[in-house]
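Peer 1: The following file, run-v7.cif, comprises mmCIF, N, CA and C atoms:
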data_query
loop_
_atom_site.label_atom_id
_atom_site.label_comp_id
_atom_site.auth_asym_id
_atom_site.auth_seq_id
_atom_site.Cartn_x
_atom_site.Cartn_y
_atom_site.Cartn_z
N MET E 998 -39.28 1.50 32.48
CA MET E 998 -38.56 1.32 31.24
C MET E 998 -38.47 -0.15 30.90
N MET E 999 -38.54 -0.39 29.65
CA MET E 999 -38.47 -1.76 29.18
C MET E 999 -37.13 -1.99 28.50
N THR E 1000 -36.42 -3.02 28.87
CA THR E 1000 -35.14 -3.31 28.22
C THR E 1000 -35.41 -4.18 27.01
N THR E 1001 -34.70 -3.89 25.92
CA THR E 1001 -34.87 -4.66 24.68
C THR E 1001 -33.80 -5.73 24.62
N SER E 1002 -34.21 -6.93 24.36
CA SER E 1002 -33.25 -8.02 24.21
C SER E 1002 -32.98 -8.20 22.71
N LEU E 1003 -31.77 -8.53 22.41
CA LEU E 1003 -31.39 -8.71 21.01
C LEU E 1003 -31.81 -10.10 20.52
N ARG E 1004 -32.16 -10.16 19.23
CA ARG E 1004 -32.51 -11.44 18.61
C ARG E 1004 -31.68 -11.58 17.34
N LEU E 1005 -31.67 -12.77 16.78
CA LEU E 1005 -30.93 -13.00 15.53
C LEU E 1005 -31.47 -12.08 14.44
N GLY E 1006 -30.56 -11.44 13.70
CA GLY E 1006 -30.95 -10.56 12.61
C GLY E 1006 -31.13 -9.12 13.01
N ASP E 1007 -31.14 -8.82 14.31
CA ASP E 1007 -31.29 -7.44 14.76
C ASP E 1007 -30.07 -6.61 14.38
N GLY E 1008 -30.28 -5.33 14.19
CA GLY E 1008 -29.20 -4.42 13.86
C GLY E 1008 -28.44 -3.99 15.11
N ILE E 1009 -27.13 -3.92 15.00
CA ILE E 1009 -26.29 -3.54 16.12
C ILE E 1009 -25.03 -2.87 15.56
N ASP E 1010 -24.51 -1.90 16.28
CA ASP E 1010 -23.28 -1.23 15.84
C ASP E 1010 -22.07 -2.01 16.36
N ASP E 1011 -21.08 -2.19 15.48
CA ASP E 1011 -19.85 -2.89 15.87
C ASP E 1011 -18.73 -2.44 14.95
N TYR E 1012 -17.50 -2.72 15.38
CA TYR E 1012 -16.31 -2.39 14.59
C TYR E 1012 -16.09 -3.52 13.59
N CYS E 1013 -15.96 -3.16 12.32
CA CYS E 1013 -15.69 -4.15 11.27
C CYS E 1013 -14.20 -4.14 10.96
N PRO E 1014 -13.49 -5.27 11.15
CA PRO E 1014 -12.05 -5.30 10.87
C PRO E 1014 -11.73 -5.23 9.38
N ARG E 1015 -12.66 -5.59 8.54
CA ARG E 1015 -12.42 -5.51 7.09
C ARG E 1015 -12.59 -4.07 6.59
N CYS E 1016 -13.66 -3.41 7.01
CA CYS E 1016 -13.90 -2.02 6.61
C CYS E 1016 -13.09 -1.05 7.45
N LYS E 1017 -12.67 -1.49 8.64
CA LYS E 1017 -11.93 -0.66 9.59
C LYS E 1017 -12.74 0.56 10.02
N LEU E 1018 -14.05 0.34 10.22
CA LEU E 1018 -14.95 1.41 10.65
C LEU E 1018 -15.98 0.85 11.62
N LEU E 1019 -16.59 1.71 12.38
CA LEU E 1019 -17.70 1.35 13.25
C LEU E 1019 -18.96 1.46 12.40
N LEU E 1020 -19.56 0.30 12.08
CA LEU E 1020 -20.67 0.27 11.13
C LEU E 1020 -21.85 -0.54 11.67
N ASN E 1021 -22.92 -0.56 10.91
CA ASN E 1021 -24.11 -1.31 11.24
C ASN E 1021 -23.89 -2.79 10.92
N HIS E 1022 -24.24 -3.66 11.88
CA HIS E 1022 -24.10 -5.10 11.71
C HIS E 1022 -25.41 -5.78 12.05
N ALA E 1023 -25.55 -7.03 11.60
CA ALA E 1023 -26.69 -7.86 11.97
C ALA E 1023 -26.18 -8.98 12.88
N VAL E 1024 -26.96 -9.32 13.88
CA VAL E 1024 -26.57 -10.39 14.80
C VAL E 1024 -26.65 -11.71 14.04
N ALA E 1025 -25.54 -12.48 14.03
CA ALA E 1025 -25.49 -13.74 13.31
C ALA E 1025 -25.63 -14.94 14.24
N SER E 1026 -25.03 -14.87 15.44
CA SER E 1026 -25.18 -15.97 16.38
C SER E 1026 -25.13 -15.44 17.81
N MET E 1027 -25.84 -16.17 18.69
CA MET E 1027 -25.91 -15.78 20.10
C MET E 1027 -25.70 -17.02 20.95
N VAL E 1028 -25.09 -16.82 22.11
CA VAL E 1028 -24.93 -17.90 23.08
C VAL E 1028 -25.38 -17.37 24.43
N GLY E 1029 -26.43 -17.97 24.97
CA GLY E 1029 -26.93 -17.57 26.28
C GLY E 1029 -27.38 -16.13 26.37
N GLY E 1030 -27.95 -15.60 25.33
CA GLY E 1030 -28.45 -14.24 25.36
C GLY E 1030 -27.43 -13.17 25.02
N SER E 1031 -26.16 -13.55 24.80
CA SER E 1031 -25.14 -12.55 24.42
C SER E 1031 -24.71 -12.78 22.98
N VAL E 1032 -24.42 -11.71 22.30
CA VAL E 1032 -24.04 -11.76 20.89
C VAL E 1032 -22.63 -12.32 20.77
N VAL E 1033 -22.44 -13.28 19.85
CA VAL E 1033 -21.12 -13.88 19.64
C VAL E 1033 -20.56 -13.49 18.28
N LYS E 1034 -21.38 -13.59 17.23
CA LYS E 1034 -20.93 -13.24 15.88
C LYS E 1034 -21.90 -12.28 15.24
N VAL E 1035 -21.33 -11.39 14.39
CA VAL E 1035 -22.13 -10.41 13.66
C VAL E 1035 -21.72 -10.42 12.20
N VAL E 1036 -22.62 -9.91 11.34
CA VAL E 1036 -22.36 -9.80 9.90
C VAL E 1036 -22.44 -8.33 9.54
N CYS E 1037 -21.38 -7.82 8.90
CA CYS E 1037 -21.34 -6.42 8.49
C CYS E 1037 -22.35 -6.20 7.37
N GLN E 1038 -23.15 -5.15 7.49
CA GLN E 1038 -24.15 -4.84 6.47
C GLN E 1038 -23.54 -4.14 5.26
N THR E 1039 -22.29 -3.69 5.37
CA THR E 1039 -21.63 -3.00 4.27
C THR E 1039 -20.85 -3.97 3.40
N CYS E 1040 -19.97 -4.78 4.02
CA CYS E 1040 -19.11 -5.68 3.23
C CYS E 1040 -19.54 -7.14 3.35
N HIS E 1041 -20.55 -7.45 4.16
CA HIS E 1041 -21.11 -8.78 4.34
C HIS E 1041 -20.09 -9.79 4.88
N SER E 1042 -19.12 -9.33 5.65
CA SER E 1042 -18.17 -10.26 6.27
C SER E 1042 -18.66 -10.60 7.67
N GLU E 1043 -18.45 -11.85 8.06
CA GLU E 1043 -18.87 -12.31 9.38
C GLU E 1043 -17.64 -12.34 10.29
N HIS E 1044 -17.79 -11.80 11.50
CA HIS E 1044 -16.66 -11.77 12.43
C HIS E 1044 -17.20 -11.78 13.85
N PRO E 1045 -16.34 -12.06 14.83
CA PRO E 1045 -16.78 -12.05 16.23
C PRO E 1045 -17.22 -10.65 16.66
N TYR E 1046 -18.17 -10.61 17.57
CA TYR E 1046 -18.67 -9.33 18.08
C TYR E 1046 -17.60 -8.69 18.96
N LYS E 1047 -17.30 -7.43 18.72
CA LYS E 1047 -16.22 -6.73 19.41
C LYS E 1047 -16.72 -5.66 20.37
N ASN E 1048 -18.00 -5.69 20.73
CA ASN E 1048 -18.61 -4.74 21.66
C ASN E 1048 -18.43 -3.29 21.22
N ALA E 1049 -18.42 -3.04 19.95
CA ALA E 1049 -18.30 -1.70 19.36
C ALA E 1049 -17.05 -0.97 19.83
N GLU E 1050 -15.98 -1.71 20.15
CA GLU E 1050 -14.72 -1.11 20.57
C GLU E 1050 -13.75 -1.02 19.39
N VAL E 1051 -13.30 0.16 19.11
CA VAL E 1051 -12.33 0.37 18.04
C VAL E 1051 -10.95 0.02 18.60
N PRO E 1052 -10.18 -0.85 17.92
CA PRO E 1052 -8.86 -1.22 18.46
C PRO E 1052 -7.92 -0.02 18.47
N PRO E 1053 -6.96 -0.01 19.40
CA PRO E 1053 -6.01 1.11 19.44
C PRO E 1053 -5.12 1.12 18.21
N LYS E 1054 -4.75 2.32 17.78
CA LYS E 1054 -3.88 2.44 16.61
C LYS E 1054 -2.48 1.99 16.97
N LYS E 1055 -1.80 1.42 15.97
CA LYS E 1055 -0.44 0.95 16.20
C LYS E 1055 0.50 2.14 16.34
N LYS E 1056 1.44 2.00 17.25
CA LYS E 1056 2.41 3.07 17.44
C LYS E 1056 3.41 3.04 16.30
N ALA E 1057 3.78 4.21 15.85
CA ALA E 1057 4.74 4.31 14.75
C ALA E 1057 6.13 3.98 15.30
N GLY E 1058 6.75 2.99 14.71
CA GLY E 1058 8.09 2.59 15.11
C GLY E 1058 9.11 3.35 14.29
N PRO E 1059 10.32 2.85 14.25
CA PRO E 1059 11.33 3.52 13.43
C PRO E 1059 10.94 3.44 11.96
N LYS E 1060 11.13 4.53 11.27
CA LYS E 1060 10.72 4.63 9.88
C LYS E 1060 11.74 4.04 8.91
N LYS E 1061 12.80 3.47 9.42
CA LYS E 1061 13.82 2.93 8.55
C LYS E 1061 13.27 1.68 7.84
N THR E 1062 13.26 1.72 6.54
CA THR E 1062 12.73 0.61 5.78
C THR E 1062 13.78 -0.47 5.62
N LEU E 1063 13.33 -1.62 5.19
CA LEU E 1063 14.22 -2.74 4.97
C LEU E 1063 15.24 -2.40 3.89
N LEU E 1064 14.82 -1.68 2.86
CA LEU E 1064 15.74 -1.29 1.80
C LEU E 1064 16.85 -0.41 2.33
N ASP E 1065 16.53 0.54 3.20
CA ASP E 1065 17.56 1.40 3.79
C ASP E 1065 18.56 0.59 4.60
N GLN E 1066 18.07 -0.42 5.32
CA GLN E 1066 18.96 -1.25 6.12
C GLN E 1066 19.91 -2.04 5.23
N VAL E 1067 19.41 -2.59 4.13
CA VAL E 1067 20.25 -3.37 3.22
C VAL E 1067 21.27 -2.47 2.55
N LEU E 1068 20.85 -1.29 2.12
CA LEU E 1068 21.78 -0.37 1.46
C LEU E 1068 22.87 0.11 2.41
N ALA E 1069 22.54 0.28 3.67
CA ALA E 1069 23.53 0.73 4.65
C ALA E 1069 24.60 -0.33 4.86
N LYS E 1070 24.23 -1.59 4.80
CA LYS E 1070 25.20 -2.67 4.97
C LYS E 1070 26.00 -2.92 3.70
N ALA E 1071 25.37 -2.80 2.53
CA ALA E 1071 26.02 -3.15 1.27
C ALA E 1071 26.94 -2.06 0.75
N ALA E 1072 26.54 -0.82 0.81
CA ALA E 1072 27.32 0.27 0.22
C ALA E 1072 28.17 0.93 1.31
N PRO E 1073 29.50 0.80 1.21
CA PRO E 1073 30.33 1.50 2.20
C PRO E 1073 30.27 3.00 1.97
N ALA E 1074 30.59 3.74 2.99
CA ALA E 1074 30.57 5.20 2.89
C ALA E 1074 31.65 5.65 1.90
N PRO E 1075 31.35 6.64 1.05
CA PRO E 1075 32.35 7.12 0.08
C PRO E 1075 33.51 7.80 0.80
N GLU E 1076 34.70 7.57 0.24
CA GLU E 1076 35.88 8.17 0.84
C GLU E 1076 35.92 9.66 0.51
N PRO E 1077 36.30 10.50 1.46
CA PRO E 1077 36.36 11.94 1.19
C PRO E 1077 37.47 12.25 0.19
N VAL E 1078 37.18 13.16 -0.74
CA VAL E 1078 38.14 13.55 -1.77
C VAL E 1078 38.82 14.84 -1.32
N GLU E 1079 40.13 14.85 -1.42
CA GLU E 1079 40.87 16.05 -1.05
C GLU E 1079 40.67 17.12 -2.11
N GLU E 1080 40.64 18.38 -1.69
CA GLU E 1080 40.37 19.47 -2.62
C GLU E 1080 41.51 19.70 -3.60
N GLY E 1081 42.75 19.49 -3.19
CA GLY E 1081 43.90 19.77 -4.06
C GLY E 1081 44.14 18.70 -5.10
N SER E 1082 43.68 17.49 -4.89
CA SER E 1082 43.96 16.41 -5.85
C SER E 1082 42.84 16.32 -6.87
N GLU E 1083 43.22 15.98 -8.10
CA GLU E 1083 42.25 15.80 -9.17
C GLU E 1083 42.13 14.31 -9.45
N PRO E 1084 40.98 13.84 -9.82
CA PRO E 1084 40.84 12.43 -10.12
C PRO E 1084 41.65 12.07 -11.38
N GLU E 1085 42.28 10.91 -11.30
CA GLU E 1085 43.10 10.45 -12.43
C GLU E 1085 42.23 9.74 -13.44
N GLU E 1086 42.49 9.98 -14.72
CA GLU E 1086 41.77 9.32 -15.80
C GLU E 1086 42.51 8.05 -16.16
N THR E 1087 41.83 6.95 -16.19
CA THR E 1087 42.44 5.69 -16.58
C THR E 1087 41.82 5.23 -17.88
N ALA E 1088 42.45 4.22 -18.47
CA ALA E 1088 41.95 3.71 -19.75
C ALA E 1088 40.62 2.98 -19.55
N ASN E 1089 40.40 2.46 -18.36
CA ASN E 1089 39.18 1.70 -18.10
C ASN E 1089 38.04 2.56 -17.57
N SER E 1090 38.26 3.86 -17.42
CA SER E 1090 37.21 4.71 -16.86
C SER E 1090 36.04 4.80 -17.85
N PRO E 1091 34.84 4.75 -17.34
CA PRO E 1091 33.68 4.79 -18.24
C PRO E 1091 33.54 6.16 -18.90
N LYS E 1092 33.12 6.13 -20.16
CA LYS E 1092 32.91 7.37 -20.90
C LYS E 1092 31.48 7.83 -20.67
N LYS E 1093 31.26 9.11 -20.87
CA LYS E 1093 29.92 9.64 -20.73
C LYS E 1093 29.06 9.11 -21.87
N LYS E 1094 27.83 8.80 -21.54
CA LYS E 1094 26.91 8.31 -22.57
C LYS E 1094 26.35 9.49 -23.33
N ARG E 1095 26.11 9.26 -24.61
CA ARG E 1095 25.48 10.29 -25.42
C ARG E 1095 24.00 10.37 -25.09
N ALA E 1096 23.44 11.51 -25.39
CA ALA E 1096 22.01 11.66 -25.20
C ALA E 1096 21.29 10.71 -26.15
N ALA E 1097 20.27 10.07 -25.65
CA ALA E 1097 19.55 9.09 -26.46
C ALA E 1097 18.78 9.79 -27.56
N ALA E 1098 18.78 9.17 -28.73
CA ALA E 1098 18.03 9.69 -29.87
C ALA E 1098 16.54 9.45 -29.60
N PRO E 1099 15.67 10.27 -30.16
CA PRO E 1099 14.25 10.04 -29.96
C PRO E 1099 13.83 8.68 -30.50
N ALA E 1100 12.81 8.11 -29.91
CA ALA E 1100 12.35 6.77 -30.29
C ALA E 1100 11.83 6.77 -31.71
N ARG E 1101 12.13 5.70 -32.41
CA ARG E 1101 11.60 5.52 -33.76
C ARG E 1101 10.47 4.53 -33.68
N TYR E 1102 9.39 4.85 -34.33
CA TYR E 1102 8.24 3.95 -34.33
C TYR E 1102 8.26 3.18 -35.64
N ILE E 1103 8.31 1.88 -35.52
CA ILE E 1103 8.41 1.02 -36.69
C ILE E 1103 7.08 0.32 -36.86
N SER E 1104 6.56 0.34 -38.09
CA SER E 1104 5.29 -0.29 -38.38
C SER E 1104 5.54 -1.48 -39.28
N ARG E 1105 4.71 -2.50 -39.17
CA ARG E 1105 4.85 -3.66 -40.05
C ARG E 1105 4.22 -3.39 -41.42
N HIS E 1106 3.38 -2.40 -41.49
CA HIS E 1106 2.68 -2.11 -42.73
C HIS E 1106 3.46 -1.06 -43.54
N ALA E 1107 3.31 -1.16 -44.85
CA ALA E 1107 3.97 -0.19 -45.72
C ALA E 1107 3.35 1.18 -45.49
N THR E 1108 4.18 2.19 -45.43
CA THR E 1108 3.65 3.53 -45.20
C THR E 1108 3.29 4.16 -46.53
N ARG E 1109 2.22 4.90 -46.51
CA ARG E 1109 1.77 5.61 -47.70
C ARG E 1109 2.13 7.06 -47.57
N PRO E 1110 2.40 7.72 -48.69
CA PRO E 1110 2.66 9.16 -48.59
C PRO E 1110 1.39 9.89 -48.14
N ARG E 1111 1.57 10.97 -47.41
CA ARG E 1111 0.44 11.73 -46.91
C ARG E 1111 -0.31 12.41 -48.05
N ARG E 1112 -1.59 12.47 -47.93
CA ARG E 1112 -2.40 13.15 -48.93
C ARG E 1112 -2.60 14.58 -48.49
N GLY E 1113 -2.91 15.40 -49.38
CA GLY E 1113 -3.21 16.78 -49.04
C GLY E 1113 -2.02 17.69 -49.27
N LYS E 1114 -1.93 18.74 -48.47
CA LYS E 1114 -0.86 19.73 -48.62
C LYS E 1114 0.47 19.11 -48.30
N ALA E 1115 1.41 19.42 -49.14
CA ALA E 1115 2.75 18.87 -48.93
C ALA E 1115 3.74 19.93 -48.55
#
As structure tokens, please, write out the structure in this file.
Peer 2:
Amino acid sequence: MMTTSLRLGDGIDDYCPRCKLLLNHAVASMVGGSVVKVVCQTCHSEHPYKNAEVPPKKKAGPKKTLLDQVLAKAAPAPEPVEEGSEPEETANSPKKKRAAAPARYISRHATRPRRGKA
């Protein structure tokens, strides 16, 4: 059997960190007979040779987002309301808003009456 040695420009499979896939690459640089840098044939990005090893996936940590953490600190828990008591109406209590009227479209040009059937 004959072993094939790699040369500059030869095709080799490697993991591309930009594409996040194991794809075809071209050898870009070599040191002492070993591949050091490769160029992805799909996205043309140059990166160090990773020996075709796909990095391990990140472990999922707590799903609590930053927004949830801020809201938990800012908004105190609502006080429980007793069933027998009714909320008191004050003069400063907000009134319910009316339903919004449909949007009116305003044109800068004078409108003409419609032609045809009226």
Peer 1: Skipping near chain neighbours, those fewer than 6 positions away, what residues fall within 12 Å of Thr1039 (chain E) using only C-alpha atoms, listed as JSON, numbers by chain?
Peer 2: {"E": [1010, 1011, 1012, 1013, 1014, 1015, 1016, 1017, 1018, 1019, 1020, 1021, 1022, 1023]}
Peer 1: Rounded to one decimal, what separation in Å do you get between CA of Ala1069 (chain E) and atom C of Lys1093 (chain E)?
Peer 2: 28.4 Å
Peer 1: Taking the file as I've supplied it (selection: the PyMOL selection byres ((chain E and resi 1043-1052) around 6.5)), which residues are included? Please answer as a list in words.
Peer 2: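 When the PyMOL selection byres ((chain E and resi 1043-1052) around 6.5) is applied, the selected residues are Asp1010, Asp1011, Tyr1012, Val1032, Val1033, Lys1034, Val1035, Val1036, Cys1037, His1041, Ser1042, Pro1053 and Lys1054 of chain E.
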Peer 1: Would you save the residues from that selection as a CSV table (one decimal), keeping the file's coordinate frame, using N, CA and C atoms?
Peer 2:
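Done, and the output landed in selection-v2.csv:
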chain,number,residue,atom,x,y,z
E,1010,ASP,N,-24.5,-1.9,16.3
E,1010,ASP,CA,-23.3,-1.2,15.8
E,1010,ASP,C,-22.1,-2.0,16.4
E,1011,ASP,N,-21.1,-2.2,15.5
E,1011,ASP,CA,-19.8,-2.9,15.9
E,1011,ASP,C,-18.7,-2.4,15.0
E,1012,TYR,N,-17.5,-2.7,15.4
E,1012,TYR,CA,-16.3,-2.4,14.6
E,1012,TYR,C,-16.1,-3.5,13.6
E,1032,VAL,N,-24.4,-11.7,22.3
E,1032,VAL,CA,-24.0,-11.8,20.9
E,1032,VAL,C,-22.6,-12.3,20.8
E,1033,VAL,N,-22.4,-13.3,19.8
E,1033,VAL,CA,-21.1,-13.9,19.6
E,1033,VAL,C,-20.6,-13.5,18.3
E,1034,LYS,N,-21.4,-13.6,17.2
E,1034,LYS,CA,-20.9,-13.2,15.9
E,1034,LYS,C,-21.9,-12.3,15.2
E,1035,VAL,N,-21.3,-11.4,14.4
E,1035,VAL,CA,-22.1,-10.4,13.7
E,1035,VAL,C,-21.7,-10.4,12.2
E,1036,VAL,N,-22.6,-9.9,11.3
E,1036,VAL,CA,-22.4,-9.8,9.9
E,1036,VAL,C,-22.4,-8.3,9.5
E,1037,CYS,N,-21.4,-7.8,8.9
E,1037,CYS,CA,-21.3,-6.4,8.5
E,1037,CYS,C,-22.4,-6.2,7.4
E,1041,HIS,N,-20.6,-7.4,4.2
E,1041,HIS,CA,-21.1,-8.8,4.3
E,1041,HIS,C,-20.1,-9.8,4.9
E,1042,SER,N,-19.1,-9.3,5.6
E,1042,SER,CA,-18.2,-10.3,6.3
E,1042,SER,C,-18.7,-10.6,7.7
E,1053,PRO,N,-7.0,0.0,19.4
E,1053,PRO,CA,-6.0,1.1,19.4
E,1053,PRO,C,-5.1,1.1,18.2
E,1054,LYS,N,-4.8,2.3,17.8
E,1054,LYS,CA,-3.9,2.4,16.6
E,1054,LYS,C,-2.5,2.0,17.0
Peer 1: Report the distance between CA of Val1024 (chain E) and atom N of Ser1002 (chain E) in Å, rounded to one decimal place.
Peer 2: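 Answer for the CA of Val1024 (chain E) to atom N of Ser1002 (chain E) separation: 12.7 Å.
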Peer 1: What does the distance between atom N of Ala1025 (chain E) and atom C of Leu1005 (chain E) come to in Å, to one decimal place?
Peer 2: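 Interatomic distance here is 6.0 Å.
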